[in-house]
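Trainee: The following file, upload_24.cif, comprises mmCIF, C-alpha atoms:
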data_input
loop_
_atom_site.label_atom_id
_atom_site.label_comp_id
_atom_site.auth_asym_id
_atom_site.auth_seq_id
_atom_site.Cartn_x
_atom_site.Cartn_y
_atom_site.Cartn_z
CA MET A 1 -29.66 1.06 -27.48
CA GLY A 2 -28.33 -1.95 -29.37
CA CYS A 3 -25.99 -4.64 -28.07
CA TYR A 4 -22.95 -3.06 -29.74
CA GLU A 5 -23.64 0.39 -28.32
CA CYS A 6 -24.24 -1.10 -24.88
CA CYS A 7 -20.92 -2.98 -25.00
CA MET A 8 -19.07 0.12 -26.16
CA ARG A 9 -20.66 2.12 -23.36
CA CYS A 10 -19.57 -0.45 -20.76
CA LEU A 11 -16.05 -0.70 -22.18
CA GLY A 12 -15.79 3.07 -22.28
CA GLY A 13 -16.60 3.25 -18.58
CA ILE A 14 -13.71 0.99 -17.55
CA PRO A 15 -10.82 2.95 -15.96
CA TYR A 16 -8.01 1.04 -17.65
CA CYS A 17 -5.22 2.94 -15.91
CA SER A 18 -6.74 2.29 -12.49
CA LEU A 19 -7.34 -1.34 -13.45
CA VAL A 20 -3.69 -1.80 -14.44
CA ALA A 21 -2.54 -0.15 -11.20
CA THR A 22 -4.84 -2.42 -9.18
CA LEU A 23 -3.58 -5.58 -10.88
CA LEU A 24 0.02 -4.46 -10.36
CA CYS A 25 -0.66 -3.77 -6.70
CA PHE A 26 -2.36 -7.14 -6.20
CA SER A 27 0.44 -9.07 -7.90
CA GLY A 28 3.20 -7.12 -6.11
CA ILE A 29 1.67 -7.53 -2.67
CA ALA A 30 0.98 -11.23 -3.27
CA LEU A 31 4.58 -11.77 -4.37
CA PHE A 32 6.05 -9.74 -1.52
CA CYS A 33 3.88 -11.21 1.25
CA GLY A 34 3.91 -14.81 0.08
CA CYS A 35 7.60 -15.05 -0.72
CA GLY A 36 8.61 -12.87 2.22
CA HIS A 37 6.69 -15.00 4.70
CA GLN A 38 8.24 -18.23 3.45
CA ALA A 39 11.70 -16.67 3.21
CA LEU A 40 11.55 -15.65 6.88
CA THR A 41 10.62 -19.21 7.84
CA GLU A 42 13.54 -20.64 5.85
CA THR A 43 15.90 -18.05 7.34
CA GLU A 44 15.00 -19.15 10.84
CA ARG A 45 15.67 -22.74 9.83
CA LEU A 46 19.09 -21.88 8.36
CA ILE A 47 20.15 -19.93 11.45
CA GLU A 48 18.96 -22.68 13.75
CA THR A 49 20.75 -25.41 11.78
CA TYR A 50 24.09 -23.86 10.87
CA PHE A 51 24.76 -20.73 12.94
CA ALA A 52 23.37 -21.36 16.43
CA ARG A 53 23.43 -24.39 18.69
CA ASN A 54 21.69 -22.97 21.71
CA LEU A 55 18.02 -22.01 21.63
CA GLN A 56 18.68 -18.88 23.67
CA ASP A 57 21.02 -17.60 20.95
CA TYR A 58 18.32 -17.23 18.32
CA ILE A 59 15.13 -16.99 20.38
CA THR A 60 15.06 -13.20 19.89
CA LEU A 61 15.46 -13.63 16.15
CA ALA A 62 12.61 -16.16 16.15
CA TYR A 63 10.31 -13.66 17.91
CA ILE A 64 11.27 -10.93 15.43
CA ILE A 65 10.57 -13.22 12.49
CA GLN A 66 7.19 -14.15 13.95
CA TYR A 67 6.39 -10.46 14.47
CA PHE A 68 7.24 -9.62 10.84
CA GLN A 69 5.09 -12.50 9.64
CA TYR A 70 2.13 -11.03 11.49
CA VAL A 71 2.93 -7.67 9.90
CA ILE A 72 2.85 -9.37 6.50
CA TYR A 73 -0.65 -10.70 7.25
CA GLY A 74 -1.79 -7.17 8.06
CA LEU A 75 -0.17 -5.70 4.94
CA ALA A 76 -1.86 -8.26 2.70
CA SER A 77 -5.29 -7.52 4.18
CA PHE A 78 -4.84 -3.74 4.11
CA PHE A 79 -3.62 -3.52 0.52
CA PHE A 80 -6.32 -5.91 -0.67
CA LEU A 81 -9.00 -3.53 0.64
CA TYR A 82 -7.16 -0.37 -0.40
CA CYS A 83 -6.67 -1.56 -3.98
CA ILE A 84 -10.38 -2.30 -4.26
CA MET A 85 -11.13 1.21 -3.00
CA LEU A 86 -8.72 2.72 -5.55
CA LEU A 87 -10.37 0.75 -8.33
CA ALA A 88 -13.81 1.96 -7.21
CA GLU A 89 -12.47 5.52 -7.16
CA GLY A 90 -11.29 5.06 -10.73
CA PHE A 91 -14.68 3.77 -11.85
CA TYR A 92 -16.57 6.70 -10.32
CA THR A 93 -14.37 9.25 -12.09
CA THR A 94 -15.22 8.01 -15.58
CA SER A 95 -17.65 9.93 -17.76
CA VAL A 96 -20.05 7.00 -18.05
CA ALA A 97 -20.31 6.68 -14.27
CA LYS A 98 -21.00 10.42 -13.99
CA GLN A 99 -23.76 10.16 -16.57
CA THR A 100 -25.27 7.23 -14.67
CA PHE A 101 -24.93 8.40 -11.06
CA GLY A 102 -24.91 12.15 -11.55
CA GLU A 103 -22.24 14.77 -10.90
CA PHE A 104 -21.22 13.41 -7.50
CA ARG A 105 -17.57 14.13 -8.23
CA SER A 106 -18.30 17.84 -8.59
CA THR A 107 -19.64 18.15 -5.06
CA MET A 108 -17.54 19.20 -2.10
CA CYS A 109 -17.73 15.69 -0.63
CA GLY A 110 -16.49 14.15 -3.86
CA ARG A 111 -13.58 16.57 -4.12
CA CYS A 112 -12.58 15.93 -0.52
CA LEU A 113 -12.73 12.18 -1.11
CA SER A 114 -10.50 12.41 -4.18
CA SER A 115 -8.02 14.64 -2.38
CA THR A 116 -7.93 12.22 0.56
CA PHE A 117 -7.12 9.31 -1.73
CA ILE A 118 -4.35 11.30 -3.41
CA VAL A 119 -2.72 12.20 -0.09
CA MET A 120 -3.07 8.67 1.29
CA THR A 121 -1.59 7.10 -1.84
CA TYR A 122 1.29 9.58 -1.81
CA VAL A 123 2.05 8.84 1.85
CA LEU A 124 1.82 5.09 1.21
CA SER A 125 4.25 5.47 -1.67
CA LEU A 126 6.79 7.15 0.59
CA LEU A 127 6.36 4.52 3.31
CA TRP A 128 6.59 1.68 0.82
CA LEU A 129 9.77 3.20 -0.58
CA LEU A 130 11.28 2.51 2.86
CA VAL A 131 9.99 -1.08 2.73
CA PHE A 132 11.48 -1.46 -0.74
CA ALA A 133 14.85 -0.25 0.54
CA LEU A 134 14.75 -2.57 3.57
CA SER A 135 13.91 -5.56 1.36
CA THR A 136 17.35 -5.22 -0.23
CA LEU A 137 19.11 -6.11 3.05
CA PRO A 138 18.44 -9.88 3.06
CA VAL A 139 19.23 -10.00 -0.66
CA TYR A 140 22.54 -8.28 0.08
CA PHE A 141 23.32 -10.75 2.88
CA PHE A 142 22.67 -13.82 0.74
CA TYR A 143 24.50 -12.28 -2.20
CA ASN A 144 27.61 -11.78 -0.06
CA MET A 145 27.23 -15.32 1.23
CA GLY A 146 27.04 -16.68 -2.30
CA ALA A 147 30.04 -14.60 -3.41
CA THR A 148 32.08 -16.01 -0.52
CA CYS A 149 31.07 -19.54 -1.49
CA ARG A 150 32.16 -18.95 -5.08
CA THR A 151 35.51 -17.73 -3.80
CA ILE A 152 35.85 -20.88 -1.71
CA ASP A 153 35.14 -23.02 -4.76
CA GLU A 154 37.91 -21.24 -6.65
CA LEU A 155 40.41 -21.77 -3.80
CA THR A 156 39.83 -25.45 -3.15
CA GLU A 157 43.52 -26.21 -3.71
CA THR A 158 44.61 -24.06 -0.75
CA PRO A 159 42.71 -25.27 2.35
CA ALA A 160 44.53 -22.88 4.67
CA SER A 161 43.14 -19.80 2.95
CA ILE A 162 39.69 -21.35 2.62
CA ASN A 163 39.23 -21.57 6.37
CA GLN A 164 39.74 -17.82 6.66
CA LEU A 165 36.70 -17.10 4.49
CA CYS A 166 33.66 -16.84 6.75
CA VAL A 167 30.15 -15.43 6.95
CA ASP A 168 29.41 -14.18 10.44
CA ALA A 169 25.71 -13.79 11.22
CA ARG A 170 26.61 -11.81 14.33
CA GLN A 171 27.99 -8.97 12.21
CA TYR A 172 24.54 -8.50 10.70
CA ARG A 173 22.96 -8.46 14.19
CA LEU A 174 21.07 -11.66 13.44
CA LEU A 175 22.60 -13.28 16.53
CA PRO A 176 24.14 -11.95 19.75
CA TRP A 177 27.93 -11.68 19.94
CA ASP A 178 28.19 -14.60 22.38
CA ALA A 179 26.34 -16.99 20.06
CA VAL A 180 28.16 -20.24 19.24
CA PRO A 181 29.34 -20.78 16.56
CA GLY A 182 27.70 -17.68 15.10
CA LYS A 183 29.56 -18.04 11.81
CA ALA A 184 30.31 -20.55 9.06
CA CYS A 185 33.73 -20.85 7.44
CA GLY A 186 35.48 -22.77 4.71
CA ILE A 187 34.05 -26.10 3.63
CA THR A 188 31.11 -25.74 6.03
CA LEU A 189 30.08 -22.50 4.34
CA ALA A 190 30.46 -24.04 0.90
CA THR A 191 28.25 -26.92 1.98
CA ILE A 192 25.57 -24.52 3.19
CA CYS A 193 25.54 -22.73 -0.17
CA LYS A 194 24.88 -26.02 -1.95
CA THR A 195 21.85 -26.91 0.15
CA ARG A 196 18.30 -26.60 -1.11
CA GLU A 197 17.36 -24.38 1.85
CA TYR A 198 19.95 -21.76 0.95
CA ARG A 199 19.03 -21.60 -2.75
CA MET A 200 15.31 -21.50 -2.05
CA THR A 201 15.67 -18.79 0.62
CA TYR A 202 17.82 -16.66 -1.68
CA ASP A 203 15.30 -16.97 -4.52
CA LEU A 204 12.41 -16.16 -2.20
CA TYR A 205 14.06 -12.95 -1.00
CA ILE A 206 14.73 -11.92 -4.58
CA ALA A 207 11.08 -12.56 -5.45
CA ALA A 208 9.95 -10.55 -2.40
CA PHE A 209 12.24 -7.69 -3.47
CA ILE A 210 10.71 -7.74 -6.96
CA GLY A 211 7.22 -7.78 -5.44
CA ALA A 212 8.05 -4.73 -3.33
CA GLY A 213 9.24 -2.93 -6.46
CA ILE A 214 6.05 -3.80 -8.36
CA THR A 215 3.94 -2.55 -5.45
CA LEU A 216 5.88 0.72 -5.32
CA MET A 217 5.37 1.20 -9.06
CA ALA A 218 1.64 0.53 -8.66
CA LEU A 219 1.31 3.08 -5.84
CA VAL A 220 3.15 5.78 -7.80
CA HIS A 221 1.02 5.01 -10.85
CA SER A 222 -2.16 5.25 -8.75
CA ALA A 223 -1.11 8.58 -7.22
CA LEU A 224 -0.41 10.06 -10.66
CA GLN A 225 -3.67 8.71 -12.05
CA LEU A 226 -5.72 10.13 -9.18
CA ALA A 227 -4.05 13.52 -9.55
CA MET A 228 -4.72 13.50 -13.30
CA ASN A 229 -8.39 12.60 -12.72
CA GLN A 230 -8.69 15.45 -10.23
CA GLU A 231 -7.21 17.89 -12.74
CA ASN A 232 -9.54 16.66 -15.51
CA LEU A 233 -12.53 17.13 -13.23
CA ARG A 234 -11.36 20.65 -12.38
CA ARG A 235 -11.11 21.52 -16.06
CA THR A 236 -14.52 20.01 -16.71
CA ARG A 237 -16.05 22.11 -13.93
CA ALA A 238 -14.36 25.25 -15.29
CA LYS A 239 -15.65 24.52 -18.80
CA LYS A 240 -19.15 23.85 -17.52
CA ARG A 241 -19.05 27.07 -15.50
CA GLY A 242 -18.05 28.99 -18.63
CA CYS A 243 -20.85 27.42 -20.65
CA ASP A 244 -23.38 28.27 -17.93
CA LEU A 245 -22.14 31.87 -17.85
CA TYR A 246 -22.42 32.12 -21.62
CA GLY A 247 -25.96 30.74 -21.54
CA GLN A 248 -26.93 33.21 -18.82
CA LEU A 249 -25.62 36.10 -20.90
CA LEU A 250 -27.60 34.86 -23.90
CA ARG A 251 -30.77 34.79 -21.85
CA ASP A 252 -30.10 38.26 -20.43
CA ARG A 253 -29.47 39.74 -23.90
CA GLY A 254 -32.50 38.14 -25.50
CA GLY A 255 -30.57 35.42 -27.34
CA MET A 256 -28.00 37.78 -28.95
CA LEU A 257 -24.57 38.87 -27.85
CA GLN A 258 -22.98 41.98 -29.37
CA SER A 259 -19.48 43.26 -28.91
CA PRO A 260 -19.24 46.40 -26.78
CA TYR A 261 -16.61 47.77 -29.19
CA PRO A 262 -17.53 49.50 -32.45
CA ALA A 263 -17.21 47.49 -35.64
CA HIS A 264 -15.42 50.37 -37.49
CA LEU A 265 -13.15 53.13 -36.29
CA SER A 266 -15.45 55.73 -37.88
CA ASP A 267 -18.25 54.61 -35.57
CA ALA A 268 -16.16 55.54 -32.58
CA SER A 269 -16.09 59.16 -33.72
#
Take the structure in the file and give it back as structure tokens.

Mentor:
Amino acid sequence: MGCYECCMRCLGGIPYCSLVATLLCFSGIALFCGCGHQALTETERLIETYFARNLQDYITLAYIIQYFQYVIYGLASFFFLYCIMLLAEGFYTTSVAKQTFGEFRSTMCGRCLSSTFIVMTYVLSLLWLLVFALSTLPVYFFYNMGATCRTIDELTETPASINQLCVDARQYRLLPWDAVPGKACGITLATICKTREYRMTYDLYIAAFIGAGITLMALVHSALQLAMNQENLRRTRAKKRGCDLYGQLLRDRGGMLQSPYPAHLSDAS
């Protein structure tokens, strides 16, 4: 085998669909975990600086943020390993891998393994759909905060009405109802929206939301690809079974197969 044929054989054994899904999953998880972790840290800083004066008012929120950051560490580790396993599954379902390592995919163990990956990826897609929906909540909060700030900027000539425009963190259950001040109004709110912390936190949550969407797309793509590979293997097994049956009939008939029906109607009489 020459160099060109060897390269074509190697390139033909690459599962490009699985590779694309793996890269999408890696990039989405990295974006979601990295930006989400930093956004939670900046959120705690914003609440501590502008919405709560007493440590006891936001200590519960600080524990919740710390808990979610640990969850992010676990998600990053889990999806890193799972994406590698999905990529390996894609490699072992290619025709070149089957020619090299034998018909492992046609065994009962191989079929059970493929079915397990399909079910797990489908369940992960449903669970991650919930994560994707929940990631819209902080984006919604900061969007409303920014919209209120833009309204304040438009009403700078009427200070009385400006002071009635507020963002209350207690309404979003970020702080207890007895937290002081718990909300930001008027010029104070407009000042918060102009800070670097607010803009960076808002952008980080948007990036985390986009990362969650990319990860969801990668999981759906992987589930469809695994199901398609399973169906192709089923068709291959059915075709091989038909060829084996045909060969067996040829051997039983001495190398010739004749139709059991007469060639002409006159022969039937």

Trainee: If you measure from CA of Val139 in chain A to CA of Arg45 in chain A, what distance in Å do you get, rounded to one decimal?

Mentor: 16.9 Å

Trainee: Using the chain letters and numbers from this file, what does the PyMOL selection byres ((chain A and resi 52) around 12) select? Give the answer as a ChimeraX atom specification.

Mentor: /A:44-51,53-59,61-62,168-170,174-184

Trainee: Could you please determine the separation between CA of Ile72 in chain A and CA of Glu42 in chain A in Å, to one decimal place?

Mentor: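 It comes out at 15.5 Å.
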
Trainee: Rank nothing, just name the residue among A:Ala76, A:Leu113, A:Ala21, A:Leu40 nearest to Tyr205 in chain A, using only C-alpha atoms.

Mentor: A:Leu40

Trainee: Determine the residue membership of the PyMOL selection byres ((chain A and resi 114-125) around 8) for the file above and supply it as a list in words.

Mentor: Leu86, Glu89, Gly110, Arg111, Cys112, Leu113, Leu126, Leu127, Trp128, Leu129, Leu216, Leu219, Val220, Ser222, Ala223, Leu226, Ala227 and Gln230 of chain A

Trainee: Convert the current residue selection to file output with C-alpha atoms, as an mmCIF file, in the coordinates of the input.

Mentor:
data_model
loop_
_atom_site.group_PDB
_atom_site.id
_atom_site.type_symbol
_atom_site.label_atom_id
_atom_site.label_comp_id
_atom_site.auth_asym_id
_atom_site.auth_seq_id
_atom_site.Cartn_x
_atom_site.Cartn_y
_atom_site.Cartn_z
ATOM 1 C CA LEU A 86 -8.720 2.720 -5.550
ATOM 2 C CA GLU A 89 -12.470 5.520 -7.160
ATOM 3 C CA GLY A 110 -16.490 14.150 -3.860
ATOM 4 C CA ARG A 111 -13.580 16.570 -4.120
ATOM 5 C CA CYS A 112 -12.580 15.930 -0.520
ATOM 6 C CA LEU A 113 -12.730 12.180 -1.110
ATOM 7 C CA LEU A 126 6.790 7.150 0.590
ATOM 8 C CA LEU A 127 6.360 4.520 3.310
ATOM 9 C CA TRP A 128 6.590 1.680 0.820
ATOM 10 C CA LEU A 129 9.770 3.200 -0.580
ATOM 11 C CA LEU A 216 5.880 0.720 -5.320
ATOM 12 C CA LEU A 219 1.310 3.080 -5.840
ATOM 13 C CA VAL A 220 3.150 5.780 -7.800
ATOM 14 C CA SER A 222 -2.160 5.250 -8.750
ATOM 15 C CA ALA A 223 -1.110 8.580 -7.220
ATOM 16 C CA LEU A 226 -5.720 10.130 -9.180
ATOM 17 C CA ALA A 227 -4.050 13.520 -9.550
ATOM 18 C CA GLN A 230 -8.690 15.450 -10.230
#

Trainee: When you draw a straight line from CA of Arg196 in chain A to CA of Arg173 in chain A, how long is it in Å?

Mentor: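 For CA of Arg196 in chain A relative to CA of Arg173 in chain A, the distance reads 24.2 Å.
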
Trainee: Expanded to explicit residues, what is the PyMOL selection byres ((chain A and resi 143) around 12) for this file, as a PyMOL selection string?

Mentor: chain A and resi 136-142+144-150+167+193+198-199+201-203+205-206

Trainee: Would you fill out range 161-174 of chain A with N, CA, C and O atoms and return it as a PDB file, in the coordinates of the input?

Mentor:
ATOM      1  N   SER A 161      43.802 -21.081   3.226  1.00  0.00           N
ATOM      2  CA  SER A 161      43.140 -19.800   2.950  1.00  0.00           C
ATOM      3  C   SER A 161      41.625 -19.942   2.935  1.00  0.00           C
ATOM      4  O   SER A 161      40.903 -18.980   3.200  1.00  0.00           O
ATOM      5  N   ILE A 162      41.135 -21.143   2.646  1.00  0.00           N
ATOM      6  CA  ILE A 162      39.690 -21.350   2.620  1.00  0.00           C
ATOM      7  C   ILE A 162      39.086 -21.153   4.000  1.00  0.00           C
ATOM      8  O   ILE A 162      38.015 -20.548   4.157  1.00  0.00           O
ATOM      9  N   ASN A 163      39.768 -21.653   5.018  1.00  0.00           N
ATOM     10  CA  ASN A 163      39.230 -21.570   6.370  1.00  0.00           C
ATOM     11  C   ASN A 163      39.143 -20.143   6.902  1.00  0.00           C
ATOM     12  O   ASN A 163      38.493 -19.895   7.918  1.00  0.00           O
ATOM     13  N   GLN A 164      39.809 -19.210   6.240  1.00  0.00           N
ATOM     14  CA  GLN A 164      39.740 -17.820   6.660  1.00  0.00           C
ATOM     15  C   GLN A 164      38.558 -17.076   6.054  1.00  0.00           C
ATOM     16  O   GLN A 164      38.282 -15.933   6.426  1.00  0.00           O
ATOM     17  N   LEU A 165      37.876 -17.709   5.117  1.00  0.00           N
ATOM     18  CA  LEU A 165      36.700 -17.100   4.490  1.00  0.00           C
ATOM     19  C   LEU A 165      35.467 -17.517   5.270  1.00  0.00           C
ATOM     20  O   LEU A 165      35.120 -18.699   5.327  1.00  0.00           O
ATOM     21  N   CYS A 166      34.795 -16.542   5.869  1.00  0.00           N
ATOM     22  CA  CYS A 166      33.660 -16.840   6.750  1.00  0.00           C
ATOM     23  C   CYS A 166      32.505 -15.873   6.474  1.00  0.00           C
ATOM     24  O   CYS A 166      32.689 -14.784   5.912  1.00  0.00           O
ATOM     25  N   VAL A 167      31.331 -16.285   6.893  1.00  0.00           N
ATOM     26  CA  VAL A 167      30.150 -15.430   6.950  1.00  0.00           C
ATOM     27  C   VAL A 167      29.672 -15.443   8.392  1.00  0.00           C
ATOM     28  O   VAL A 167      29.288 -16.492   8.919  1.00  0.00           O
ATOM     29  N   ASP A 168      29.733 -14.284   9.024  1.00  0.00           N
ATOM     30  CA  ASP A 168      29.410 -14.180  10.440  1.00  0.00           C
ATOM     31  C   ASP A 168      28.026 -13.535  10.574  1.00  0.00           C
ATOM     32  O   ASP A 168      27.836 -12.357  10.248  1.00  0.00           O
ATOM     33  N   ALA A 169      27.058 -14.312  11.036  1.00  0.00           N
ATOM     34  CA  ALA A 169      25.710 -13.790  11.220  1.00  0.00           C
ATOM     35  C   ALA A 169      25.640 -12.753  12.327  1.00  0.00           C
ATOM     36  O   ALA A 169      24.721 -11.931  12.363  1.00  0.00           O
ATOM     37  N   ARG A 170      26.613 -12.770  13.239  1.00  0.00           N
ATOM     38  CA  ARG A 170      26.610 -11.810  14.330  1.00  0.00           C
ATOM     39  C   ARG A 170      26.931 -10.401  13.838  1.00  0.00           C
ATOM     40  O   ARG A 170      26.512  -9.407  14.448  1.00  0.00           O
ATOM     41  N   GLN A 171      27.686 -10.291  12.751  1.00  0.00           N
ATOM     42  CA  GLN A 171      27.990  -8.970  12.210  1.00  0.00           C
ATOM     43  C   GLN A 171      26.761  -8.276  11.652  1.00  0.00           C
ATOM     44  O   GLN A 171      26.709  -7.046  11.598  1.00  0.00           O
ATOM     45  N   TYR A 172      25.779  -9.053  11.227  1.00  0.00           N
ATOM     46  CA  TYR A 172      24.540  -8.500  10.700  1.00  0.00           C
ATOM     47  C   TYR A 172      23.465  -8.371  11.776  1.00  0.00           C
ATOM     48  O   TYR A 172      22.301  -8.116  11.454  1.00  0.00           O
ATOM     49  N   ARG A 173      23.852  -8.560  13.032  1.00  0.00           N
ATOM     50  CA  ARG A 173      22.960  -8.460  14.190  1.00  0.00           C
ATOM     51  C   ARG A 173      21.824  -9.489  14.139  1.00  0.00           C
ATOM     52  O   ARG A 173      20.764  -9.281  14.744  1.00  0.00           O
ATOM     53  N   LEU A 174      22.051 -10.587  13.433  1.00  0.00           N
ATOM     54  CA  LEU A 174      21.070 -11.660  13.440  1.00  0.00           C
ATOM     55  C   LEU A 174      21.175 -12.497  14.714  1.00  0.00           C
ATOM     56  O   LEU A 174      20.193 -13.113  15.139  1.00  0.00           O
TER      57      LEU A 174
END
